[in-house]
Every structure is written in structure tokens, then in C-alpha cells.
Amino acid sequence: MSSPKPIQAINRYKADLRELQFLLFEQFRLQELLGKAPFENWGEEEIRSTLSECYRWVREVIGPLNAPADAQGCRIDDGRVKTPTGFQDAWKKLYEAGWKAIAVDPEYGGAGAPHALQVLIEEMISGANTAFAMYPGLAFGAAEVIESFGTPEQKHLYCGRMFGGQWGGTMCLTEPQAGSDVGSAKTTASRNPDGSYVIRGTKLFISGGDHDLAENIIHLVLARVDGAPAGTKGLTLFIVPRIRPSADGSLGEFNDVDVANIEHKMGINGSATCMLNFGDNGACLGWPVGGEAKINQGMPQMFKLMNSARIAVGVQGLSVASSAFLNALEYSKERKQGSAITHWKDATAPRVPILEHADVRRMLLDMKSRVEGIRALAVKLAHHQDQVRALTGKDEQKAAYHQGQVDLLVPLVKAYGSDQGFRVCETAIQTYGGVGYTKDFPVEQYCRDAKIFSIYEGTNGIQAMDLVGRKLGQAGGANLQAYLADVAQFVQKYSGDATLGGAAKALGLAQEALGGSAMRMLMWFQTGNVGMVPLQGNRFLEMMAETTVGWMLLQGAAIALEKKKSVAAGHPDAAFYDGKVAAALYYARNVLPGVEFKARLMGDEDKSPLDIADASFATV
Amino acid sequence: MKILVAVKRVADPENLNKIKLSAQGKIDTTGLEPKASPYDDYALEAALRLTENGTNTKARLGEVVVVTFGPKEAESMLRAMLGTGADRAIRVDATDDVLDGDLVARGLKALVDKEKPDLVLLGYQQVESESAQVGAQLAEYLGWPQVTFAGSIKSEDDRALVVGREVEGATAQLRATLPAVVTVLDKIVKPKSVQSKHTSATHAYPEGVRFAALMAIMAAKKKPLAEVKLAELAPDATLKVHYGAAELPPKRAAGVKVKDVKELVSKLKTEAKVI
């Protein structure tokens, strides 16, 4: 019997750089923020070079490791996690190249780039090798928390080393009994006279909880100080290094953090998902992030971080979906099967590429519109973040508007990016047919890797609650009002447009339906009908995401139509701009009308999931 | 060591299938992203390896100057090369339609007289017309030794290079006294193809052209990039090569299916006349 074909170490990751440049420089006009504070070191040329060089880097360095690392997975050897072959070298090269430092403050050795660029760099790193990207991603996130809330000494000791890849990092929240319900965490912290705390407890599902990529790993651990209140109000975030460092960064004693197990998962197999035991021998020390004054401030600190972590997860969904779409497109141009529909009875008619079949074209344009729409949504969010940075201290009112949009859009990027990311990967498999289900092509791995995105970093159910329970009412509803006004302004401008008029009207109807549904949510809150809110939250989030994606696609299409006027026929840009318009019209005609429909369903106030008795779901 | 690397800017060779021909047989590359000809990228990589010790690729132990003949837009290509590690760049202001290999070689000669490098490195040919003219002509105008088709370069001291010249099925090891002109093959970016006098004999590079680190991309804009007028270098701009018209290679005719070996042999004898 022969064994299966070996997994090939070749890069399959694809990106369309023209599309990325369009978003940055044509749709969002990032150049208007460049060359002045806080982006004084950045110009268009640096951004274009960075994009193309990073694309070359991910394809040559981490892309070829993606499938082999998936097949090999991680293992525990002598009490330590061993990552897949090649990850150590890739980690070293990643930090030499500097991609993880792209938006880091120059104080910690970073390049201070706009978030809009960072999002696209992250898309490439994550899309080329999702599992690998987890390790530096978590290190970055943990360093950001210390940068935001740490004492000056903590920042000095940890930030530069963690942003620079010398030390790794993790976020330790989940426990066996405390998943989405973080407040049930049982890990304890007992104060020592010197201000350190003895940490005891078990954390579960810790991405990159142990690895062999860096000399030390800095865990951020949510724990309850002795005597602190129950629930989330009594949680404190601790810095718990795997090896205790001295103030000068030299490594000292082992800090009693042990990896007990790693999970066997559906996807991201190259990423070690660990169970960690803290203080089995009573010798695990932690220090509260921000010092003694920040005891019981763990959750507010986590919330600040969650914005960027949740954006990153939405971008993970985008990243694999985009490459899945581009791979499926390539395959559909090459694979010949069947004849043209006009010759369907003629068995001798020439076989045509499957790209010519209507159902394949439908799937491809569906994927294109979702991928490009989600990317535009993510860049829009990042662009708001950049404007917050540029306007803070100059125009607080405008900065507050942009921050409000950031807060509003985060759950959309996370939930819609991850849900649709998975579904696009599934559509890509369907486009391939049977071979898409095999490991000869990358899409089955993308699909397995993508499923976790809708679960971790706050399930998408949690995202919906964040949107309808916290974000809609923020600033007395002003953020939502500003958002709805922005959409309405676009609709007004383009309703009479020869090409986009119909689509703009469809967007207008979606916007009205969305606004009405938000009012309905508010009414449910006010009339005590609160059971409806979590029941319909997910639907509302999808409606708002679809409205925003439709809007962003149409905004891009309007720009593309304008730009196309000055492009010579036959120039590749002409086809590119036509594609932007086609994707926007498809989405406006096939997805946007669903927003109105869903609003109607919300109005029906169907409670059957609440009414059905537990025993009536099934007899087993 | 001071090295001048001459670079030609070409239409993205990965998308050559998108090149169009006008009715007059003129090649149209509109919309194709301009890039450095790949062999010139290899020449830059070789130049960087010759001016460092291999282990610390940030410390330059010599000077690398990149030069191209092109319009203002060519500066982004030069800037990218400064990000990769070149110290300085020069753009000779000209567009392709007023140039031929000979004029570029004469312009480079004038530039070399001014810059006085120890070595000029180029790709063995550019990927557009694959004419492989400039390196040889430049050496002739300068009266310098030249080694073409270099697959390896070792510098043991500052006076000479040992260059492995690829000839059919073998490598000729040639010793070239400096200053010299060397044109390189893609083999030059193999892990042990280039060794400076500072590099240990066991040092192996990652195969290929190095990546520009983010911080180097950011620092590149502070490196000098000078513009020189073509007329200052070559007052006589007469061209020796004139392009008539280009045509696409003829489409391959459909093949013939044969029944058996016998028919194949007979067709090879009578029709193809190859046996």
C-alpha cells in the first residue's frame, strides 16, 4: 500500500495588490494624512514599497510553511511545546524584516505607520500562514496592553522586547468553567509583602501558551486577588513571565508556569493551543499591570485591548477568504469541464473552462464582493483610527466622531469578517468541486482554519450583544446617528446616478430598515421585552454589516467610475475599475434587499426559540 | 570596494503575456508595473554581498551606487533598491525611446569616469530584448577587463576578483584585475556564490535576493538620489540601433494524432524529415 502524497512546501497565498492600493489611495485617500504628524515619516512611496515587499516576504518565507505545518502540528516534548518545522526561522525573519513593528510607537522601535496600512500587512501575514501568525499576533497584543496600562518600569522592561520578538506573549482569560463567562474565573492572586502576587490556577485554550520561538513568554493572566468581589469586577490583570526577568531584562528563575496539554483541533494546527498551570508548586509570581492602583481593573484594561484583537480576528477571516477566492478564480480559468450552455446537447462541443459556467461565475462574483466589501470595511475602521490619532489634541469634536465610528464598527468587522470569511472559504471549495475537498489545493485548510474566527476573541454572539447592548446606545446614540447620516448622505448623492442610482436607492432602503430596527431594539429594552434583544442581536449585526459593506462597495464603485473616465481602453485598470462596479452592483442587488427583509422578520417578533420547551428540541 | 550597479527598468516580466502589439508593430506595455530587470536585481545582491562580511548585513564595508536611465517615475525603483541596501542612487534622465544599448554604454562610461568605481556590475542581459549589449560595450569603451555570465564572484583582496564564468557544461575560473566590468547570471544569488574578502569561507546566504526590512524602506528616503542629464554624459545622442517592427511568434499549428509507433516513425521520416 502506498502512503498518501506528501504535503508540498509551496506557497499558495495570493493577494491582489492593485486592490489594496485602490483602497488606500483612491477610496480612502490615505495620502491626505501622510507627511504630517503623526505620520510625518510616511509617504505614498514607502507605503507602496512596504506592501509589495511584504507580499514578496510572506510568499517566500511563511507561505510555503502553511500546509506542512498544518499536517505536522505542534507537540509537547519534555514539557515544552515544539512548533512546526520552520517556524523558528520564520519568527526570526519576521522580526528582522520588521513587519510586526509597522504601527508600533517609534519609542519601542516601531515605524508608527497608519493603521490602514497595518491592517493590510496583517492580512498578508495571516493569509499566508494563519497558524504561524498567531504567535507574533498574541505577543503584539499583550505588548499593547502593557504599553497602554503598564507602569513606566513595566513598559521599559517588556514593551520593546515583546514588540521586537525577543519575548513572546499571551492573553490568559479562559478557564475550564469560564469561557464566554469570564467573570467565573477562579485563578487566585495572593499578595506578597514586596508587592508581587502568588498566582495559582489553570488557564485553557491559550493560543501560543508555550512555544520554542522566543527565549521568554510573558503571560497576561486574569486572576482574582484574595478578598476581591465576585464576577468581572473582581478581576485583575497580571504580568506573569514564564521566566522571571531582572530589571535589566536578563533572565532569572523559572516562574512555575507549566504547559499541561495542547488541544487537537479542526484547524490552525500549527498554533499551539495550551492548557497552562500557574503555580503548581506555589512558586508562580505575577505583577498587576499598571501596579497596585490597578487591582480589580482587569476587565476595563481588557476591553481596551479587545478592540484591536477583535479587528485582528475579523482581518484573519478576510485574509483566508481573499486567498481562497483568488485561488478558486485561478482554478476556474484552468479547469475545463462541460460545454457552453448554448451547446449543451452537443457531446462533441469543445470543453470550456468552468469560469464560463453561470453558477461558477455567480460564486466567484459573490466571493469577490464579500471579500472586497469586508476589506473596505476593515480599512474604513482603520482609517477612522488613524484620524483619531491625527486629530486628538487638534479637534476633539472630530476625533470623538471618529472614535465613535471605531467603536461601532469593531463588532461588525469581527463578526461579519469571521462569519463571511468562513463562508467564502466554503464557497471556494464548492467552486473547485471534488479537488477542493482534497489537500492538493489550499481551500480546505483555509476553511478549517477559518472556523475558529467566529468563536474566539468573543464569540459572534458576544459581538452581537456588544453591538446592540453597548455600542448602539453609546454617546446617547450619537455614534449610530452619525453613522446613519453618513450613509444617507451617500444615498442622496448617488440616487440619481445613471449607473449606481438603483443600487444607491437599495442602500437607502437598507439604511431606513436598519434605523427602524435600531429603534425597535430600543423599544424592546424600554418595554421590558428584553428577551427579544439577544434573540435578534445576531440578525441586527448582520443587517448593519451588510448595509456598511454595501455602502463601502458602492463608494468604491463611484470612485472607480470616475477614475475609469481617464483610463485608455485596454489598459488593465479599465477592467479593474469595471470589476469594482460589478461587485458593488451584485452586492446591492443580491444582498442589500435582504436587510429590509430581515427588518420585517424582526418586526414579526417571532419568539419560537424562546417558547419551545427544552424537552421539545428532541427526544434524545 | 566601490561598486556601480547599472539597472534597467523593464515592464513587469511576470506579466509579459499582457504585452500588446499595435498595428504598426510597436510594443505596448501600458499598465504593466515597471520593475528592475531581475538579473539587475541579482547584480545588486552580488554588490551588497561583496561589500559586507555576510553575518552583519547592516554594516556596509564599501559603497554601492545604483544607476538607471529612466524618467522621473524610475526613482521609485531606485528608492526601493536603496531600501534593499544600496548607499546611493543616480538617475540619468531619459526615456527608453531615445536610448539604445550603445548610448547607455557611452553614458555609463562617462559616469564611471566621474564616479571611479572599482567594479561595475550588471545583469548578463535585460529581460525585454535580451540583447546583452551594455556590459560588453561599457568594458570596451572603458578599456577594462570584463567577465560575462558570472555565476560566482570571490574577492580575496582589493586588486582582483576570481569570477566563475559559466560556459557550456563547465565553469571557467577567471582572475580579473580591478577595475573591471562583470555581468551576472541568476546563479550569483545562490548561498555561496559571492564571497567578499571579509566573509568567512563557510558563510552561506539565504538563496535569492534579500528582503528590504521595514526600517530600511523608511530610511531609504534619506539616502542621496541624484539626477543627471543624459546630454551631460553623452553629448552625441545618435542611436546606432533602430527598431523596425515587432511581431508575435506564429501560433503553433494543431498537432497530429498518430495511430501507432509505425505511423509515428513513418511521419518522422517522410514529413518531419528528422530521422
# chains A, B, ... in the order shown; residues from 1 in each chain; ligands from 1
>>> residues_around(residues="region 212-220 of chain B", least_positions_apart="3", cutoff="10 Å", atoms="only C-alpha atoms", output="ChimeraX atom specification")
/A:41-43,45-47,49-50,53-54,57,93-102,109-111 /B:58,78-88,209,223-225
>>> write_last_selection(atoms="C-alpha atoms", output="mmCIF file, in the first residue's frame")
data_model
loop_
_atom_site.group_PDB
_atom_site.id
_atom_site.type_symbol
_atom_site.label_atom_id
_atom_site.label_comp_id
_atom_site.auth_asym_id
_atom_site.auth_seq_id
_atom_site.Cartn_x
_atom_site.Cartn_y
_atom_site.Cartn_z
ATOM 1 C CA ASN A 41 7.735 59.684 8.245
ATOM 2 C CA TRP A 42 5.333 58.124 5.810
ATOM 3 C CA GLY A 43 4.680 58.927 2.167
ATOM 4 C CA GLU A 45 6.126 55.649 -1.927
ATOM 5 C CA GLU A 46 7.053 53.998 1.392
ATOM 6 C CA ILE A 47 3.579 52.514 1.631
ATOM 7 C CA SER A 49 7.187 49.630 -1.253
ATOM 8 C CA THR A 50 6.086 48.186 2.083
ATOM 9 C CA GLU A 53 7.995 43.894 -0.223
ATOM 10 C CA CYS A 54 5.807 42.370 2.486
ATOM 11 C CA TRP A 57 8.201 38.197 2.018
ATOM 12 C CA LYS A 93 12.996 36.579 9.872
ATOM 13 C CA LEU A 94 9.668 38.235 10.686
ATOM 14 C CA TYR A 95 11.252 40.411 13.342
ATOM 15 C CA GLU A 96 14.323 41.094 11.224
ATOM 16 C CA ALA A 97 12.043 42.302 8.454
ATOM 17 C CA GLY A 98 10.124 44.438 10.943
ATOM 18 C CA TRP A 99 6.553 43.776 9.771
ATOM 19 C CA LYS A 100 5.264 43.410 13.329
ATOM 20 C CA ALA A 101 6.684 46.813 14.239
ATOM 21 C CA ILE A 102 4.836 48.590 11.476
ATOM 22 C CA GLY A 109 11.470 50.608 17.833
ATOM 23 C CA GLY A 110 8.393 50.787 15.624
ATOM 24 C CA ALA A 111 7.664 52.602 12.383
ATOM 25 C CA LYS B 58 23.745 46.110 8.025
ATOM 26 C CA LEU B 78 15.826 53.274 -7.228
ATOM 27 C CA ARG B 79 14.320 54.157 -3.859
ATOM 28 C CA ALA B 80 13.324 50.518 -3.374
ATOM 29 C CA MET B 81 16.910 49.498 -4.154
ATOM 30 C CA LEU B 82 18.175 51.982 -1.571
ATOM 31 C CA GLY B 83 15.820 50.208 0.834
ATOM 32 C CA THR B 84 17.386 46.902 -0.089
ATOM 33 C CA GLY B 85 20.799 48.239 0.869
ATOM 34 C CA ALA B 86 22.387 50.407 -1.852
ATOM 35 C CA ASP B 87 24.036 53.540 -0.482
ATOM 36 C CA ARG B 88 23.343 55.994 -3.252
ATOM 37 C CA VAL B 209 17.652 38.406 -3.339
ATOM 38 C CA LYS B 223 19.736 58.357 1.130
ATOM 39 C CA PRO B 224 21.035 60.505 -1.748
ATOM 40 C CA LEU B 225 19.382 60.164 -5.146
#
>>> residues_around(residues="region 467-471 of chain A", least_positions_apart="2", cutoff="10 Å", atoms="only C-alpha atoms", output="count of residues only")
32
>>> select_by_dssp(residues="region 113-201 of chain B", states="alpha helix (DSSP H)", output="PDB file with C-alpha atoms, in the first residue's frame")
ATOM      1  CA  ASP B 113      34.928  58.250 -15.328  1.00  0.00           C
ATOM      2  CA  LYS B 114      33.334  60.556 -12.787  1.00  0.00           C
ATOM      3  CA  GLU B 115      32.468  58.017 -10.058  1.00  0.00           C
ATOM      4  CA  VAL B 134      25.592  47.178 -22.424  1.00  0.00           C
ATOM      5  CA  GLY B 135      28.071  45.313 -20.223  1.00  0.00           C
ATOM      6  CA  ALA B 136      30.359  44.335 -23.053  1.00  0.00           C
ATOM      7  CA  GLN B 137      30.211  47.727 -24.754  1.00  0.00           C
ATOM      8  CA  LEU B 138      30.907  49.540 -21.498  1.00  0.00           C
ATOM      9  CA  ALA B 139      34.011  47.419 -20.869  1.00  0.00           C
ATOM     10  CA  GLU B 140      35.174  48.156 -24.395  1.00  0.00           C
ATOM     11  CA  TYR B 141      34.665  51.935 -24.039  1.00  0.00           C
ATOM     12  CA  LEU B 142      36.424  51.877 -20.666  1.00  0.00           C
TER      13      LEU B 142
END
>>> closest_residue(among="A:Ala228, A:Ala116, A:Val491, A:Ala599", to="Gln31 (chain A)", atoms="only C-alpha atoms")
A:Ala116
>>> residues_around(residues="Ala176 (chain B)", least_positions_apart="4", cutoff="12 Å", atoms="only C-alpha atoms", output="JSON, numbers by chain")
{"B": [118, 119, 144, 145, 146, 147, 148, 150, 153, 154, 155, 156, 157, 158, 159, 160, 161, 162, 163, 164, 165, 180, 181, 182]}
>>> write_last_selection(atoms="N, CA, C and O atoms", output="short mmCIF file (atom, residue, chain, number, x, y, z; two decimals), in the first residue's frame")
data_model
loop_
_atom_site.label_atom_id
_atom_site.label_comp_id
_atom_site.auth_asym_id
_atom_site.auth_seq_id
_atom_site.Cartn_x
_atom_site.Cartn_y
_atom_site.Cartn_z
N ASP B 118 35.43 50.62 -8.41
CA ASP B 118 36.37 49.53 -8.64
C ASP B 118 35.75 48.45 -9.51
O ASP B 118 36.45 47.64 -10.10
N LEU B 119 34.43 48.46 -9.53
CA LEU B 119 33.74 47.37 -10.23
C LEU B 119 32.40 47.88 -10.73
O LEU B 119 31.72 48.63 -10.03
N TRP B 144 38.44 48.27 -19.94
CA TRP B 144 38.60 47.48 -18.72
C TRP B 144 38.42 45.99 -19.03
O TRP B 144 37.74 45.63 -19.99
N PRO B 145 38.96 45.13 -18.16
CA PRO B 145 38.65 43.71 -18.29
C PRO B 145 37.16 43.46 -18.05
O PRO B 145 36.54 44.18 -17.27
N GLN B 146 36.62 42.48 -18.73
CA GLN B 146 35.22 42.14 -18.49
C GLN B 146 35.07 40.63 -18.36
O GLN B 146 35.76 39.86 -19.02
N VAL B 147 34.15 40.23 -17.44
CA VAL B 147 33.75 38.83 -17.35
C VAL B 147 32.23 38.79 -17.48
O VAL B 147 31.53 39.41 -16.68
N THR B 148 31.76 38.08 -18.48
CA THR B 148 30.30 37.95 -18.66
C THR B 148 29.85 36.60 -18.13
O THR B 148 30.66 35.72 -17.86
N ALA B 150 28.69 35.60 -15.23
CA ALA B 150 29.31 35.21 -13.96
C ALA B 150 28.31 34.46 -13.08
O ALA B 150 27.21 34.94 -12.83
N ILE B 153 31.47 35.01 -7.68
CA ILE B 153 32.50 36.05 -7.56
C ILE B 153 33.13 35.93 -6.18
O ILE B 153 32.42 35.89 -5.17
N LYS B 154 34.45 35.89 -6.17
CA LYS B 154 35.15 35.91 -4.88
C LYS B 154 36.14 37.07 -4.91
O LYS B 154 36.85 37.24 -5.89
N SER B 155 36.16 37.85 -3.84
CA SER B 155 37.18 38.90 -3.79
C SER B 155 38.12 38.58 -2.65
O SER B 155 37.73 38.52 -1.50
N GLU B 156 39.36 38.28 -3.02
CA GLU B 156 40.34 37.92 -1.99
C GLU B 156 41.08 39.16 -1.50
O GLU B 156 41.55 39.22 -0.39
N ASP B 157 41.22 40.13 -2.38
CA ASP B 157 41.86 41.37 -1.97
C ASP B 157 41.23 42.50 -2.79
O ASP B 157 40.25 42.28 -3.49
N ASP B 158 41.78 43.70 -2.74
CA ASP B 158 41.18 44.82 -3.44
C ASP B 158 41.67 44.97 -4.88
O ASP B 158 41.26 45.87 -5.58
N ARG B 159 42.55 44.09 -5.30
CA ARG B 159 43.15 44.28 -6.62
C ARG B 159 42.53 43.41 -7.70
O ARG B 159 42.62 43.71 -8.88
N ALA B 160 41.92 42.28 -7.29
CA ALA B 160 41.40 41.37 -8.31
C ALA B 160 40.22 40.56 -7.79
O ALA B 160 40.03 40.43 -6.58
N LEU B 161 39.44 40.04 -8.73
CA LEU B 161 38.33 39.14 -8.39
C LEU B 161 38.58 37.80 -9.06
O LEU B 161 39.16 37.75 -10.14
N VAL B 162 38.10 36.74 -8.41
CA VAL B 162 38.06 35.45 -9.11
C VAL B 162 36.60 35.20 -9.46
O VAL B 162 35.75 35.14 -8.58
N VAL B 163 36.36 35.13 -10.76
CA VAL B 163 34.98 35.04 -11.24
C VAL B 163 34.76 33.70 -11.92
O VAL B 163 35.57 33.29 -12.77
N GLY B 164 33.68 33.02 -11.52
CA GLY B 164 33.32 31.77 -12.19
C GLY B 164 32.43 32.07 -13.38
O GLY B 164 31.29 32.48 -13.22
N ARG B 165 32.97 31.91 -14.58
CA ARG B 165 32.20 32.21 -15.79
C ARG B 165 31.59 30.92 -16.31
O ARG B 165 32.28 29.93 -16.55
N ALA B 180 37.01 46.49 -13.16
CA ALA B 180 36.51 45.56 -14.16
C ALA B 180 35.00 45.70 -14.29
O ALA B 180 34.35 46.33 -13.46
N VAL B 181 34.49 45.08 -15.36
CA VAL B 181 33.04 45.01 -15.57
C VAL B 181 32.65 43.53 -15.50
O VAL B 181 33.27 42.70 -16.14
N VAL B 182 31.63 43.22 -14.70
CA VAL B 182 31.17 41.83 -14.59
C VAL B 182 29.66 41.80 -14.79
O VAL B 182 28.94 42.60 -14.20
#
>>> closest_residue(among="B:Leu233, B:Val258, B:Val189, B:Ala47", to="Leu108 (chain B)", atoms="only C-alpha atoms")
B:Leu233
>>> residues_around(residues="Lys14 (chain A)", least_positions_apart="2", cutoff="9 Å", atoms="only C-alpha atoms", output="PyMOL selection string")
chain A and resi 11-12+16+55+59+124+127-128+322-324+326-327
>>> write_last_selection(atoms="C-alpha atoms", output="PDB file, in the first residue's frame")
ATOM      1  CA  ASN A  11       3.273  28.951  -1.301  1.00  0.00           C
ATOM      2  CA  ARG A  12      -0.400  29.136  -2.265  1.00  0.00           C
ATOM      3  CA  ASP A  16      -4.327  41.440  -5.418  1.00  0.00           C
ATOM      4  CA  TYR A  55       3.855  40.460  -0.158  1.00  0.00           C
ATOM      5  CA  ARG A  59       5.021  34.279  -0.133  1.00  0.00           C
ATOM      6  CA  MET A 124      -0.962  39.282   4.227  1.00  0.00           C
ATOM      7  CA  GLY A 127      -3.434  34.881   4.986  1.00  0.00           C
ATOM      8  CA  ALA A 128      -0.078  33.346   4.092  1.00  0.00           C
ATOM      9  CA  SER A 322      -9.347  36.584  -0.042  1.00  0.00           C
ATOM     10  CA  SER A 323      -6.750  33.974  -0.897  1.00  0.00           C
ATOM     11  CA  ALA A 324      -9.481  31.296  -1.182  1.00  0.00           C
ATOM     12  CA  LEU A 326      -8.167  34.225  -5.740  1.00  0.00           C
ATOM     13  CA  ASN A 327      -7.156  30.551  -5.799  1.00  0.00           C
TER      14      ASN A 327
END
>>> select_by_dssp(residues="region 25-260 of chain B", states="strand (DSSP E or B)", output="ChimeraX atom specification")
/B:27-28,34-36,63-70,88-93,119-123,146-155,160-167,170-177,180-184,194-195,225-229
